[in-house]
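Colleague: Supplied in structure tokens, the structure appears directly below.
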Amino acid sequence: MPLVYQHTINSNTRLGLWHIEEPEEFFLAKVPLKRDVSHPHKRLQHLAGRYLLPTLFEDFPLEEILIADTRKPFLPDEQYHFSISHCGNYAAAIASAQQRVGIDIEQPTEKIFRIIHKFLNEDEKQLLNEPMSSSQLLQTATLLWSAKEAMFKWYGDGGVDFKQHLLIQHLDGTDEEGTLQCSFEKEKPVSLNVKYRFLENIIMSWTVS
């Protein structure tokens, strides 16, 4: 069973990371496929992400998931707040019975340096000026992107400018895990802590509020 990481955040919030090794039929036995996902690998990622949810909470009602206009999946009665992310051969999910959540996973690649100007403001770019090796620079840049993706999914209503509305003030941690002090500034300012872990060849970021 390739559940490579599972974490109980509090009494009503859990997350997990799945390494996808199974064929599509394995997931279809338990996951209703309501969306027409034509690309085989994207369909496998989609199924694996949803398969994770009842792994975290046995009573998670997969058949009741709807898709908002912003493409965010949700439960109409909000029995659970949840977020799903996919990257390569991995899927991650977080669910909470009481709190809004967001999760993101990324594999570090050099292409992140081509889009830094699109998601980091001038103050945030200073986080990349600390003395570090080239591999640490790649990991940190990817982490900053992943943290903002997690905040974006936490918000869930779209219309977000990553440089103006999703702000990172401080990064405190190691090459294995840590916390980013952040804030969401689109409407009423909300302080958010984004946690992260480096697992396998994946950076995973999540926030709960």
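Residues are referred to by chain and number: the chain letter is A, B, ... according to the order shown in the structure tokens, the number counts from 1 in that chain, and ligands are numbered separately from 1 in the order shown.
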Write out as a ChimeraX atom specification which residues come within 6 Å of range 137-148 of chain A when counting only C-alpha atoms, dropping same-chain ones fewer than 4 positions away.
Modeller: /A:104,108,205
Colleague: Which neighbours of range 172-176 of chain A fall inside 12 Å, counting only C-alpha atoms, when residues of the same chain fewer than 6 positions from it are skipped, and could you give them as a ChimeraX atom specification?
Modeller: /A:127,132-133,135-140,143,182,193-205
Colleague: Take the residues just selected and output them with C-alpha atoms as a compact mmCIF listing (two decimals), in the first residue's frame.
Modeller:
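The resulting file, out_29.txt, is reproduced below:
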# COMPACT_ATOMS: atom_id res chain seq x y z
CA LEU A 127 14.11 34.95 0.82
CA MET A 132 22.62 28.47 0.00
CA SER A 133 23.72 25.84 -2.50
CA SER A 135 20.10 22.61 -4.91
CA GLN A 136 18.85 24.48 -1.83
CA LEU A 137 17.99 27.48 -4.01
CA LEU A 138 15.92 25.24 -6.29
CA GLN A 139 14.16 23.67 -3.33
CA THR A 140 13.45 27.03 -1.69
CA LEU A 143 8.74 25.71 -1.76
CA CYS A 182 2.11 34.05 5.47
CA ASN A 193 0.94 29.36 8.77
CA VAL A 194 1.93 27.11 5.87
CA LYS A 195 3.66 23.92 6.96
CA TYR A 196 5.96 21.98 4.66
CA ARG A 197 7.79 18.68 4.43
CA PHE A 198 10.28 17.28 1.92
CA LEU A 199 9.24 13.68 1.20
CA GLU A 200 10.74 11.35 -1.41
CA ASN A 201 11.40 13.82 -4.28
CA ILE A 202 8.32 15.88 -3.40
CA ILE A 203 7.78 19.18 -1.60
CA MET A 204 4.44 19.16 0.22
CA SER A 205 2.89 22.34 1.66
Colleague: Just list the residues in range 2-209 of chain A DSSP gives strand (DSSP E) on the backbone, as a ChimeraX atom specification.
Modeller: /A:3-10,13-19,66-67,73-74,81-87,90-96,101-106,166-173,177-184,190-199,202-208
Colleague: Have a look at CA of Ile105 in chain A and CA of Leu53 in chain A and let me know their distance in Å, one decimal.
Modeller: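 Between CA of Ile105 in chain A and CA of Leu53 in chain A the gap is 15.9 Å.
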Colleague: I'd like the contact shell of range 56-67 of chain A - 10 Å cut-off, only C-alpha atoms, skipping same-chain residues fewer than 2 positions apart - returned as a ChimeraX atom specification.
Modeller: /A:6-8,12-16,30-35,50-54,69-80,93-97
Colleague: Just the residues within 8 Å of Cys87 in chain A, please, counting only C-alpha atoms, with nothing from its chain fewer than 4 positions along; format it as a PyMOL selection string.
Modeller: chain A and resi 45+91+105-107
Colleague: Measuring atom to atom with only C-alpha atoms, identify which of A:Leu44, A:Leu28, A:Ile84, A:Ala92 is nearest to Tyr5 in chain A.
Modeller: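 Distance minimum relative to Tyr5 in chain A lands on A:Ala92.
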Colleague: Chain A: which residues are alpha helix (DSSP H) by DSSP, as a PyMOL selection string?
Modeller: chain A and resi 24-28+40-56+116-119+122-125+134-155
Colleague: So which one's closest to Asp157 in chain A, A:Ala68, A:Gln169, A:Glu185, A:Gly88? Using only C-alpha atoms, please.
Modeller: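 Selected residue with least distance to Asp157 in chain A: A:Ala68.
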